[in-house]
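**Q** You'll find work-v3.cif just under this line, and it carries mmCIF, C-alpha atoms.
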```cif
data_data
#
loop_
_atom_site.label_atom_id
_atom_site.label_comp_id
_atom_site.auth_asym_id
_atom_site.auth_seq_id
_atom_site.Cartn_x
_atom_site.Cartn_y
_atom_site.Cartn_z
CA MET A 1370 106.97 86.52 113.26
CA ALA A 1371 105.67 85.33 109.90
CA ILE A 1372 102.66 86.43 107.95
CA THR A 1373 99.38 84.55 108.51
CA ALA A 1374 99.75 80.85 107.69
CA LYS A 1375 97.71 79.24 104.94
CA ARG A 1376 94.23 78.11 105.87
CA LYS A 1377 91.65 75.89 104.29
CA ALA A 1378 89.39 77.81 101.96
CA LYS A 1379 85.99 78.84 103.29
CA GLY A 1380 83.20 80.69 101.60
CA GLY A 1381 80.94 83.40 102.92
CA GLU A 1382 81.29 87.10 103.57
CA PRO A 1383 84.56 87.88 105.37
CA GLY A 1384 84.10 89.08 108.93
CA ALA A 1385 85.92 91.83 110.79
CA ALA A 1386 88.73 89.56 111.98
CA GLN A 1387 89.40 88.32 108.44
CA LEU A 1388 89.44 91.82 106.99
CA ILE A 1389 91.84 93.05 109.68
CA ARG A 1390 94.08 90.03 109.05
CA TRP A 1391 94.17 90.82 105.34
CA TYR A 1392 94.98 94.43 106.10
CA ARG A 1393 97.85 93.45 108.35
CA ASP A 1394 99.19 90.91 105.89
CA MET A 1395 99.21 93.42 103.03
CA LEU A 1396 100.75 96.04 105.28
CA LEU A 1397 103.56 93.68 106.26
CA ILE A 1398 104.42 93.07 102.61
CA ARG A 1399 104.31 96.83 101.90
CA ARG A 1400 106.57 97.76 104.82
CA PHE A 1401 108.94 94.87 104.09
CA GLU A 1402 109.33 95.96 100.49
CA GLU A 1403 109.86 99.58 101.48
CA LYS A 1404 112.66 98.48 103.81
CA ALA A 1405 114.15 96.26 101.10
CA GLY A 1406 114.22 99.28 98.80
CA GLN A 1407 116.06 101.27 101.46
CA LEU A 1408 118.63 98.52 101.99
CA TYR A 1409 119.16 98.27 98.25
CA GLY A 1410 119.81 102.01 98.10
CA MET A 1411 122.37 101.61 100.88
CA GLY A 1412 124.21 98.96 98.88
CA LEU A 1413 123.28 96.17 101.29
CA ILE A 1414 121.31 94.22 98.68
CA GLY A 1415 123.20 93.28 95.54
CA GLY A 1416 122.06 92.08 92.15
CA PHE A 1417 118.46 92.54 91.11
CA CYS A 1418 115.56 93.52 93.35
CA HIS A 1419 111.97 93.60 92.09
CA LEU A 1420 109.51 95.10 94.58
CA TYR A 1421 105.89 94.02 95.02
CA ILE A 1422 104.58 97.41 96.18
CA GLY A 1423 101.04 97.92 94.88
CA GLN A 1424 100.31 94.26 94.16
CA GLU A 1425 99.81 93.06 97.74
CA ALA A 1426 96.11 92.19 97.38
CA VAL A 1427 96.85 89.50 94.80
CA VAL A 1428 98.93 87.16 96.92
CA VAL A 1429 97.11 87.87 100.19
CA GLY A 1430 93.75 87.14 98.57
CA LEU A 1431 95.05 83.97 96.94
CA GLN A 1432 96.75 82.60 100.04
CA SER A 1433 93.74 83.27 102.23
CA ALA A 1434 91.85 80.78 100.07
CA ALA A 1435 94.65 78.21 99.84
CA GLY A 1436 94.58 74.68 101.19
CA ASP A 1437 97.18 73.20 103.50
CA ALA A 1438 98.75 71.03 100.77
CA ASP A 1439 98.91 73.76 98.12
CA SER A 1440 102.22 74.81 96.62
CA VAL A 1441 103.41 78.12 95.18
CA ILE A 1442 105.88 78.99 92.45
CA THR A 1443 106.53 82.40 90.95
CA SER A 1444 108.98 84.60 89.07
CA TYR A 1445 111.45 87.14 90.41
CA ARG A 1446 108.92 89.60 91.91
CA ASP A 1447 108.57 87.15 94.72
CA HIS A 1448 109.04 88.67 98.18
CA GLY A 1449 105.29 89.08 98.66
CA GLN A 1450 104.66 85.43 97.87
CA MET A 1451 107.38 84.36 100.29
CA LEU A 1452 105.85 86.28 103.17
CA ALA A 1453 102.31 85.20 102.32
CA CYS A 1454 103.40 81.55 102.35
CA GLY A 1455 104.53 81.98 105.94
CA MET A 1456 108.26 82.33 105.39
CA ASP A 1457 110.00 84.23 108.20
CA PRO A 1458 110.73 87.87 107.27
CA LYS A 1459 114.14 87.54 108.95
CA GLY A 1460 115.16 84.66 106.70
CA VAL A 1461 113.83 86.41 103.60
CA MET A 1462 115.64 89.67 104.37
CA ALA A 1463 118.85 87.82 105.23
CA GLU A 1464 118.71 86.10 101.85
CA LEU A 1465 118.19 89.43 100.11
CA THR A 1466 121.37 90.71 101.72
CA GLY A 1467 123.30 87.55 100.86
CA ARG A 1468 123.78 86.34 104.42
CA SER A 1469 124.07 82.83 105.79
CA GLY A 1470 120.86 83.25 107.79
CA GLY A 1471 118.87 83.45 104.56
CA TYR A 1472 116.58 80.76 103.21
CA SER A 1473 119.14 79.74 100.59
CA ARG A 1474 122.05 80.49 102.93
CA GLY A 1475 122.88 83.67 101.05
CA LYS A 1476 123.40 82.04 97.66
CA GLY A 1477 120.06 82.72 96.00
CA GLY A 1478 119.43 86.38 96.65
CA SER A 1479 116.20 88.11 95.72
CA MET A 1480 115.19 85.88 92.84
CA HIS A 1481 116.12 82.39 93.97
CA MET A 1482 115.07 81.36 97.44
CA PHE A 1483 112.98 78.38 98.43
CA SER A 1484 111.23 76.76 101.37
CA ARG A 1485 110.14 73.15 101.03
CA GLU A 1486 108.59 73.41 104.49
CA LYS A 1487 106.27 76.19 103.30
CA ARG A 1488 105.83 74.58 99.87
CA PHE A 1489 107.34 77.63 98.19
CA TYR A 1490 109.40 76.54 95.18
CA GLY A 1491 110.90 79.84 94.01
CA GLY A 1492 111.63 82.57 92.80
CA HIS A 1493 112.87 82.07 89.19
CA GLY A 1494 114.88 84.56 87.20
CA ILE A 1495 114.17 83.21 83.70
CA VAL A 1496 110.99 84.77 82.30
CA GLY A 1497 108.26 82.14 82.16
CA ALA A 1498 110.47 79.30 83.45
CA GLN A 1499 108.33 78.80 86.53
CA VAL A 1500 105.26 77.88 84.45
CA PRO A 1501 106.34 74.40 83.28
CA LEU A 1502 107.90 73.78 86.70
CA GLY A 1503 104.63 74.71 88.39
CA THR A 1504 102.75 72.48 85.98
CA GLY A 1505 105.06 69.68 87.12
CA LEU A 1506 104.19 70.48 90.72
CA GLY A 1507 100.55 70.16 89.72
CA PHE A 1508 101.33 66.73 88.30
CA ALA A 1509 102.97 65.79 91.61
CA HIS A 1510 99.86 66.85 93.52
CA LYS A 1511 97.69 64.68 91.28
CA TYR A 1512 100.10 61.74 91.37
CA THR A 1513 100.33 61.69 95.16
CA GLY A 1514 96.66 62.48 95.68
CA ASP A 1515 97.36 65.04 98.40
CA SER A 1516 94.50 67.35 97.30
CA GLY A 1517 96.97 70.16 96.71
CA VAL A 1518 96.83 72.75 93.95
CA CYS A 1519 99.84 74.57 92.58
CA HIS A 1520 99.52 78.35 92.38
CA VAL A 1521 101.65 79.41 89.40
CA TYR A 1522 102.29 83.16 89.29
CA LEU A 1523 103.43 84.83 86.09
CA GLY A 1524 103.44 88.33 84.66
CA ASP A 1525 101.69 89.72 81.61
CA GLY A 1526 105.00 89.77 79.74
CA ALA A 1527 105.82 86.15 80.57
CA LEU A 1528 102.46 85.12 79.15
CA ASN A 1529 103.89 85.60 75.65
CA GLN A 1530 106.49 82.86 76.16
CA GLY A 1531 106.00 79.65 74.20
CA GLN A 1532 106.61 77.37 77.18
CA VAL A 1533 103.49 78.81 78.82
CA TYR A 1534 101.28 77.30 76.12
CA GLU A 1535 103.08 73.96 76.18
CA SER A 1536 102.26 73.93 79.89
CA PHE A 1537 98.63 74.90 79.28
CA ASN A 1538 98.26 72.02 76.83
CA MET A 1539 99.72 69.44 79.21
CA ALA A 1540 97.79 70.71 82.23
CA ALA A 1541 94.51 70.63 80.32
CA LEU A 1542 95.21 67.25 78.73
CA TRP A 1543 95.94 65.61 82.09
CA LYS A 1544 93.51 67.75 84.12
CA LEU A 1545 96.24 68.87 86.49
CA PRO A 1546 95.38 70.85 89.64
CA VAL A 1547 97.00 74.15 88.70
CA VAL A 1548 95.80 77.74 88.95
CA TYR A 1549 97.73 80.06 86.65
CA VAL A 1550 97.74 83.53 88.22
CA ILE A 1551 98.59 86.23 85.69
CA GLU A 1552 99.68 89.35 87.57
CA ASN A 1553 98.86 91.89 84.88
CA ASN A 1554 100.47 95.06 86.23
CA LYS A 1555 100.10 96.67 82.77
CA TYR A 1556 103.82 96.84 81.96
CA ALA A 1557 105.97 93.81 81.17
CA MET A 1558 109.39 95.33 81.84
CA GLY A 1559 108.75 98.72 80.30
CA THR A 1560 106.27 97.92 77.55
CA SER A 1561 102.54 98.33 78.08
CA ALA A 1562 100.25 95.35 77.55
CA GLU A 1563 98.58 97.18 74.68
CA ARG A 1564 101.90 97.16 72.81
CA HIS A 1565 103.16 93.66 73.65
CA ALA A 1566 99.97 91.58 73.72
CA ALA A 1567 97.82 90.72 70.70
CA GLY A 1568 94.57 90.85 72.60
CA THR A 1569 94.56 92.26 76.10
CA GLU A 1570 91.95 89.93 77.64
CA LEU A 1571 94.71 87.74 78.99
CA PHE A 1572 92.43 85.42 80.94
CA LYS A 1573 91.22 84.03 77.60
CA ARG A 1574 94.68 82.74 76.65
CA GLY A 1575 93.79 79.27 77.94
CA ALA A 1576 90.54 79.02 75.97
CA ALA A 1577 92.11 77.11 73.07
CA TYR A 1578 92.95 74.34 75.53
CA GLY A 1579 89.56 74.36 77.21
CA ILE A 1580 90.92 76.11 80.31
CA PRO A 1581 88.37 78.46 81.90
CA GLY A 1582 89.48 81.85 83.16
CA GLU A 1583 88.34 85.19 84.48
CA ALA A 1584 89.59 88.73 84.98
CA VAL A 1585 89.74 89.94 88.58
CA ASP A 1586 90.22 93.32 90.24
CA GLY A 1587 93.67 92.60 91.63
CA MET A 1588 93.61 95.78 93.70
CA SER A 1589 90.78 94.39 95.86
CA VAL A 1590 91.76 91.66 98.29
CA GLU A 1591 88.11 90.67 98.67
CA ALA A 1592 87.61 90.26 94.92
CA VAL A 1593 90.81 88.22 94.70
CA HIS A 1594 89.73 85.99 97.59
CA GLU A 1595 86.37 85.22 96.03
CA ALA A 1596 87.89 84.46 92.62
CA ALA A 1597 90.54 82.30 94.27
CA LEU A 1598 87.88 80.21 96.00
CA ARG A 1599 86.23 79.50 92.64
CA ALA A 1600 89.47 78.73 90.83
CA LEU A 1601 90.95 76.53 93.54
CA GLU A 1602 87.73 74.58 93.98
CA HIS A 1603 87.66 73.95 90.22
CA ALA A 1604 91.24 72.66 90.19
CA ARG A 1605 91.03 70.76 93.47
CA THR A 1606 87.98 68.73 92.46
CA GLY A 1607 89.54 67.20 89.38
CA ASN A 1608 88.36 69.64 86.72
CA GLY A 1609 91.84 70.66 85.61
CA PRO A 1610 93.57 74.05 85.46
CA TYR A 1611 92.11 77.55 85.75
CA VAL A 1612 93.40 80.96 84.70
CA LEU A 1613 93.03 84.08 86.85
CA GLU A 1614 94.07 87.40 85.33
CA MET A 1615 94.74 89.77 88.20
CA LYS A 1616 94.46 93.35 87.01
CA THR A 1617 96.94 95.00 89.33
CA TYR A 1618 99.62 97.70 89.29
CA ARG A 1619 103.16 98.16 90.54
CA TYR A 1620 104.07 101.58 91.86
CA ARG A 1621 107.83 101.21 91.48
CA GLY A 1622 109.84 100.47 88.36
CA HIS A 1623 110.26 96.97 87.01
CA SER A 1624 113.33 96.64 89.23
CA MET A 1625 115.25 99.03 91.44
CA SER A 1626 117.33 100.11 88.44
CA ASP A 1627 114.29 101.11 86.38
CA PRO A 1628 113.31 104.82 86.44
CA ALA A 1629 109.94 103.92 84.84
CA LYS A 1630 109.92 106.81 82.37
CA TYR A 1631 107.52 104.88 80.11
CA ARG A 1632 104.54 106.06 82.18
CA THR A 1633 103.48 109.37 83.67
CA LYS A 1634 103.69 110.38 87.30
CA GLU A 1635 100.02 111.33 87.04
CA GLU A 1636 99.12 107.73 86.19
CA VAL A 1637 100.96 106.36 89.20
CA THR A 1638 99.45 108.99 91.49
CA ARG A 1639 95.95 108.26 90.19
CA MET A 1640 96.35 104.54 90.86
CA ARG A 1641 97.67 105.19 94.37
CA GLU A 1642 94.90 107.61 95.25
CA GLN A 1643 91.99 105.70 93.71
CA HIS A 1644 92.91 102.02 93.83
CA ASP A 1645 95.52 101.34 96.51
CA PRO A 1646 94.60 97.94 98.01
CA ILE A 1647 95.70 98.82 101.53
CA ASP A 1648 94.10 102.27 101.68
CA THR A 1649 90.86 100.93 100.19
CA LEU A 1650 90.57 98.23 102.84
CA LYS A 1651 91.59 100.69 105.54
CA ALA A 1652 88.70 102.98 104.59
CA LYS A 1653 86.28 100.06 104.68
CA LEU A 1654 87.47 98.95 108.10
CA LEU A 1655 87.06 102.44 109.51
CA ALA A 1656 83.66 103.02 107.89
CA ALA A 1657 82.31 99.73 109.27
CA GLY A 1658 83.66 100.45 112.73
CA HIS A 1659 85.76 97.28 112.72
CA VAL A 1660 88.78 99.23 113.95
CA ASP A 1661 89.66 102.82 114.79
CA GLU A 1662 92.66 104.96 113.87
CA ALA A 1663 94.41 104.03 117.09
CA GLY A 1664 94.06 100.34 116.28
CA LEU A 1665 95.44 100.86 112.78
CA LYS A 1666 98.42 102.77 114.15
CA GLU A 1667 99.11 99.93 116.56
CA LEU A 1668 99.04 97.45 113.67
CA ASP A 1669 101.49 99.63 111.76
CA ARG A 1670 103.83 99.78 114.77
CA GLU A 1671 103.66 96.01 115.12
CA VAL A 1672 104.46 95.47 111.44
CA LYS A 1673 107.29 98.01 111.43
CA ALA A 1674 108.81 96.27 114.45
CA ILE A 1675 108.77 92.94 112.60
CA VAL A 1676 110.42 94.51 109.55
CA SER A 1677 113.03 96.34 111.66
CA GLU A 1678 113.87 93.10 113.43
CA ALA A 1679 114.25 91.38 110.05
CA ALA A 1680 116.59 94.13 108.80
CA GLU A 1681 118.69 93.95 111.97
CA PHE A 1682 118.91 90.17 111.74
CA ALA A 1683 119.97 90.39 108.10
CA GLN A 1684 122.72 92.92 108.77
CA SER A 1685 124.05 91.03 111.78
CA SER A 1686 123.99 87.62 110.12
CA PRO A 1687 127.42 86.54 108.82
CA GLU A 1688 128.24 86.17 105.16
CA PRO A 1689 128.30 82.58 103.86
CA ASP A 1690 131.46 80.58 104.32
CA ALA A 1691 133.41 80.02 101.11
CA ALA A 1692 132.69 76.30 101.44
CA GLU A 1693 129.05 77.04 100.60
CA LEU A 1694 130.14 77.32 96.97
CA TRP A 1695 130.26 73.53 96.88
CA THR A 1696 127.03 72.69 98.68
CA ASP A 1697 123.72 71.84 96.96
CA VAL A 1698 125.35 71.39 93.55
CA LEU A 1699 125.92 67.62 93.50
CA THR A 1700 124.27 64.59 95.07
CA GLU A 1701 125.99 61.22 95.00
CA ALA A 1702 123.42 58.61 93.97
#
```
I'd like the structure from this file rewritten - as structure tokens, please.
**A**
Amino acid sequence: MAITAKRKAKGGEPGAAQLIRWYRDMLLIRRFEEKAGQLYGMGLIGGFCHLYIGQEAVVVGLQSAAGDADSVITSYRDHGQMLACGMDPKGVMAELTGRSGGYSRGKGGSMHMFSREKRFYGGHGIVGAQVPLGTGLGFAHKYTGDSGVCHVYLGDGALNQGQVYESFNMAALWKLPVVYVIENNKYAMGTSAERHAAGTELFKRGAAYGIPGEAVDGMSVEAVHEAALRALEHARTGNGPYVLEMKTYRYRGHSMSDPAKYRTKEEVTRMREQHDPIDTLKAKLLAAGHVDEAGLKELDREVKAIVSEAAEFAQSSPEPDAAELWTDVLTEA
């Protein structure tokens, strides 16, 4: 069972059903990433593995405002985006474990899986490389006139790459339908934004090209949703690109091999206790009487069952045949 499919954006105050859907969607990403971390620790996931734990509100809020023709491209912290785009958790987990049942048939791993059906174009391991590619996807949307917008996710560290500003210039010049989503989780790999960025109001980085932007509480799915509606409407109606700086936080290290000694345990605990996107929405749901504790426990059981099924599928799926080394590398014209 996949996460909630993309819907056409609608305004207005979210109702109980929408809030519960957001809660479930964020919870699925959280539980999936926790299981991925366990499998990595067991040696069942090789290579790199960058977890999305803590940042769930960003992609859930964005995708809840997305249109049916929209596309998504991101960097290597990408499992959350995959699930939010509607990719099957079984196929995602199988790809993480390098099995033939994965979205890239076990050849892409954590950082390089794709789904043309879901309009998810990666997963890219080179820092900032997805930005010009996403700008090209924006050009394709404009060229074909399909009313789609490309959601281009990048981190605060990637924002310092030169190719980002080449992309900004082209997108602004041609008024391409692109929303650049800066997931500012405060630490690039292990360096705080205050140390690596000359000016920490990252949403203003597009101002020189006439690209509007805003900072958003990326730990609030409601705040993200509302900002996404504004940004996507701007891009979709021919006004060109938009920058959203999502002020978020990752609880784990940059990757599974990072002990994250560059920040204090107290800081992480404070963020978890005061700003966790799932716990904050949970408290709101309970306070409003939209759901009770029993209902939340049932949702958690449902999500855990989906994740367990994905893990079992991944471990039972065969490894790729050696012949896969030669597929998808050459096309005879």
**Q** Kindly provide the residues of region 1439-1509 of chain A that approach region 1408-1427 of chain A to within 7 Å, each paired with its closest atom pair and their distance in Å to one decimal, based on all atoms listed in the file, listed by chain and increasing number, as a Markdown table.
**A**
```
| residue | atom | partner | partner_atom | distance |
| --- | --- | --- | --- | --- |
| A:Tyr1445 | CA | A:His1419 | CA | 6.7 |
| A:Arg1446 | CA | A:His1419 | CA | 5.0 |
| A:His1448 | CA | A:Tyr1421 | CA | 7.0 |
| A:Gly1449 | CA | A:Tyr1421 | CA | 6.2 |
| A:Leu1465 | CA | A:Ile1414 | CA | 5.9 |
| A:Thr1466 | CA | A:Ile1414 | CA | 4.6 |
| A:Ser1479 | CA | A:Cys1418 | CA | 5.9 |
```
**Q** Can you turn the PyMOL selection byres ((chain A and resi 1620) around 12) into a concrete residue list for this file, as a PyMOL selection string?
**A** chain A and resi 1399+1402-1403+1419-1425+1554-1556+1617-1619+1621-1625+1627-1629+1632-1642+1644-1646
**Q** CA of Leu1668 (chain A) and CA of Met1395 (chain A) are how many Å apart?
**A** 11.4 Å
**Q** Give me the residues within 9 Å of Gly1531 (chain A) as a PyMOL selection string, counting all atoms listed in the file and dropping any in the same chain fewer than 4 places off.
**A** chain A and resi 1497+1535-1536
**Q** Care to translate the PyMOL selection byres ((chain A and resi 1492) around 7) into actual residues of this file, as number ranges by chain?
**A** A: 1442-1445, 1447, 1480-1482, 1490-1491, 1493-1494
**Q** Generate the output file for the selected residues, C-alpha atoms, as a PDB file, in the coordinates of the input.
**A**
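out.pdb, written as the output of this step:
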```
ATOM      1  CA  ILE A1442     105.880  78.990  92.450  1.00  0.00           C
ATOM      2  CA  THR A1443     106.530  82.400  90.950  1.00  0.00           C
ATOM      3  CA  SER A1444     108.980  84.600  89.070  1.00  0.00           C
ATOM      4  CA  TYR A1445     111.450  87.140  90.410  1.00  0.00           C
ATOM      5  CA  ASP A1447     108.570  87.150  94.720  1.00  0.00           C
ATOM      6  CA  MET A1480     115.190  85.880  92.840  1.00  0.00           C
ATOM      7  CA  HIS A1481     116.120  82.390  93.970  1.00  0.00           C
ATOM      8  CA  MET A1482     115.070  81.360  97.440  1.00  0.00           C
ATOM      9  CA  TYR A1490     109.400  76.540  95.180  1.00  0.00           C
ATOM     10  CA  GLY A1491     110.900  79.840  94.010  1.00  0.00           C
ATOM     11  CA  HIS A1493     112.870  82.070  89.190  1.00  0.00           C
ATOM     12  CA  GLY A1494     114.880  84.560  87.200  1.00  0.00           C
TER      13      GLY A1494
END
```
**Q** Using the chain letters and numbers from the file, give me the residues hit by the PyMOL selection byres ((chain A and resi 1600) around 8), as a ChimeraX atom specification.
**A** /A:1548,1596-1599,1601-1604,1611-1613
**Q** Produce a file of the selected residues containing C-alpha atoms, as a PDB file, keeping the file's coordinate frame.
**A**
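Below is the file result_25.pdb, written as the result:
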```pdb
ATOM      1  CA  VAL A1548      95.800  77.740  88.950  1.00  0.00           C
ATOM      2  CA  ALA A1596      87.890  84.460  92.620  1.00  0.00           C
ATOM      3  CA  ALA A1597      90.540  82.300  94.270  1.00  0.00           C
ATOM      4  CA  LEU A1598      87.880  80.210  96.000  1.00  0.00           C
ATOM      5  CA  ARG A1599      86.230  79.500  92.640  1.00  0.00           C
ATOM      6  CA  LEU A1601      90.950  76.530  93.540  1.00  0.00           C
ATOM      7  CA  GLU A1602      87.730  74.580  93.980  1.00  0.00           C
ATOM      8  CA  HIS A1603      87.660  73.950  90.220  1.00  0.00           C
ATOM      9  CA  ALA A1604      91.240  72.660  90.190  1.00  0.00           C
ATOM     10  CA  TYR A1611      92.110  77.550  85.750  1.00  0.00           C
ATOM     11  CA  VAL A1612      93.400  80.960  84.700  1.00  0.00           C
ATOM     12  CA  LEU A1613      93.030  84.080  86.850  1.00  0.00           C
TER      13      LEU A1613
END
```
**Q** Measuring between only C-alpha atoms, which one of A:Ala1683, A:Ile1647, A:Val1496, A:Trp1543 shows the shortest distance to Trp1391 (chain A)?
**A**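 Closest to Trp1391 (chain A), using only C-alpha atoms: A:Ile1647.
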**Q** From the list A:Gly1503, A:Gly1575, A:Gly1477, A:Gly1658, which residue is nearest His1520 (chain A) when using all atoms listed in the file?
**A**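 Closest to His1520 (chain A), using all atoms listed in the file: A:Gly1503.
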**Q** Can you work out the spacing between CA of Gln1499 (chain A) and CA of Asn1553 (chain A) in Å, to one decimal?
**A** 16.2 Å
**Q** Just give me the gap between CA of Tyr1578 (chain A) and CA of Gly1507 (chain A) in Å, one decimal is fine.
**A** 16.6 Å
**Q** At a cut-off of 10 Å around the point (108.3, 80.9, 103.8) (file coordinates), what residues fall inside when counting all atoms listed in the file? I'd like the answer as an MDAnalysis selection string.
**A** chainID A and resid 1371:1372 1374 1448 1450:1458 1460:1461 1472 1482:1490
**Q** Under the rule that all atoms listed in the file are counted, which of A:Gln1530, A:Gly1430, A:Leu1654, A:Asn1608 is the nearest residue to Val1500 (chain A)?
**A** A:Gln1530
**Q** Just want the 10 Å neighbourhood of Arg1393 (chain A), counted on all atoms listed in the file, with same-chain residues fewer than 2 positions away dropped. Output as a ChimeraX atom specification.
**A** /A:1372-1373,1387-1391,1395-1399,1429,1647,1651,1665,1668-1669,1671-1672
**Q** For Val1428 (chain A), which of A:Ala1567, A:Ala1541, A:Val1593, A:Cys1519 is the closest residue, counting only C-alpha atoms?
**A** A:Val1593
**Q** Could you give me, as a ChimeraX atom specification, the residues within 9 Å of Leu1506 (chain A), counting all atoms listed in the file and dropping anything in the same chain fewer than 6 positions from it?
**A** /A:1440-1442,1518-1519,1546-1547
**Q** N, CA and C atoms are what I want for region 1414-1435 of chain A; can you complete it accordingly and write them as an mmCIF file, in the frame of the given file?
**A**
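part_14.cif written:
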```
data_model
loop_
_atom_site.group_PDB
_atom_site.id
_atom_site.type_symbol
_atom_site.label_atom_id
_atom_site.label_comp_id
_atom_site.auth_asym_id
_atom_site.auth_seq_id
_atom_site.Cartn_x
_atom_site.Cartn_y
_atom_site.Cartn_z
ATOM 1 N N ILE A 1414 121.892 95.268 99.502
ATOM 2 C CA ILE A 1414 121.310 94.220 98.680
ATOM 3 C C ILE A 1414 121.939 94.327 97.299
ATOM 4 N N GLY A 1415 122.560 93.274 96.842
ATOM 5 C CA GLY A 1415 123.200 93.280 95.540
ATOM 6 C C GLY A 1415 122.352 92.611 94.483
ATOM 7 N N GLY A 1416 122.775 92.716 93.241
ATOM 8 C CA GLY A 1416 122.060 92.080 92.150
ATOM 9 C C GLY A 1416 120.749 92.770 91.847
ATOM 10 N N PHE A 1417 119.760 91.989 91.477
ATOM 11 C CA PHE A 1417 118.460 92.540 91.110
ATOM 12 C C PHE A 1417 117.520 92.563 92.317
ATOM 13 N N CYS A 1418 116.548 93.440 92.270
ATOM 14 C CA CYS A 1418 115.560 93.520 93.350
ATOM 15 C C CYS A 1418 114.269 94.082 92.759
ATOM 16 N N HIS A 1419 113.252 93.236 92.679
ATOM 17 C CA HIS A 1419 111.970 93.600 92.090
ATOM 18 C C HIS A 1419 110.929 93.687 93.203
ATOM 19 N N LEU A 1420 110.412 94.877 93.445
ATOM 20 C CA LEU A 1420 109.510 95.100 94.580
ATOM 21 C C LEU A 1420 108.045 94.849 94.201
ATOM 22 N N TYR A 1421 107.286 94.430 95.194
ATOM 23 C CA TYR A 1421 105.890 94.020 95.020
ATOM 24 C C TYR A 1421 104.908 95.122 95.418
ATOM 25 N N ILE A 1422 105.413 96.319 95.656
ATOM 26 C CA ILE A 1422 104.580 97.410 96.180
ATOM 27 C C ILE A 1422 103.456 97.752 95.197
ATOM 28 N N GLY A 1423 102.217 97.667 95.688
ATOM 29 C CA GLY A 1423 101.040 97.920 94.880
ATOM 30 C C GLY A 1423 100.256 96.658 94.558
ATOM 31 N N GLN A 1424 100.935 95.509 94.579
ATOM 32 C CA GLN A 1424 100.310 94.260 94.160
ATOM 33 C C GLN A 1424 99.938 93.354 95.336
ATOM 34 N N GLU A 1425 99.952 93.883 96.533
ATOM 35 C CA GLU A 1425 99.810 93.060 97.740
ATOM 36 C C GLU A 1425 98.496 92.285 97.815
ATOM 37 N N ALA A 1426 97.409 92.846 97.263
ATOM 38 C CA ALA A 1426 96.110 92.190 97.380
ATOM 39 C C ALA A 1426 96.066 90.857 96.645
ATOM 40 N N VAL A 1427 96.891 90.725 95.605
ATOM 41 C CA VAL A 1427 96.850 89.500 94.800
ATOM 42 C C VAL A 1427 97.251 88.298 95.646
ATOM 43 N N VAL A 1428 98.446 88.338 96.208
ATOM 44 C CA VAL A 1428 98.930 87.160 96.920
ATOM 45 C C VAL A 1428 98.209 86.957 98.247
ATOM 46 N N VAL A 1429 97.833 88.034 98.919
ATOM 47 C CA VAL A 1429 97.110 87.870 100.190
ATOM 48 C C VAL A 1429 95.743 87.262 99.951
ATOM 49 N N GLY A 1430 95.052 87.715 98.900
ATOM 50 C CA GLY A 1430 93.750 87.140 98.570
ATOM 51 C C GLY A 1430 93.834 85.691 98.159
ATOM 52 N N LEU A 1431 94.864 85.360 97.376
ATOM 53 C CA LEU A 1431 95.050 83.970 96.940
ATOM 54 C C LEU A 1431 95.364 83.064 98.125
ATOM 55 N N GLN A 1432 96.319 83.465 98.951
ATOM 56 C CA GLN A 1432 96.750 82.600 100.040
ATOM 57 C C GLN A 1432 95.684 82.431 101.115
ATOM 58 N N SER A 1433 94.810 83.404 101.235
ATOM 59 C CA SER A 1433 93.740 83.270 102.230
ATOM 60 C C SER A 1433 92.723 82.215 101.822
ATOM 61 N N ALA A 1434 92.755 81.826 100.546
ATOM 62 C CA ALA A 1434 91.850 80.780 100.070
ATOM 63 C C ALA A 1434 92.550 79.447 99.889
ATOM 64 N N ALA A 1435 93.849 79.393 100.145
ATOM 65 C CA ALA A 1435 94.650 78.210 99.840
ATOM 66 C C ALA A 1435 94.388 77.070 100.817
#
```
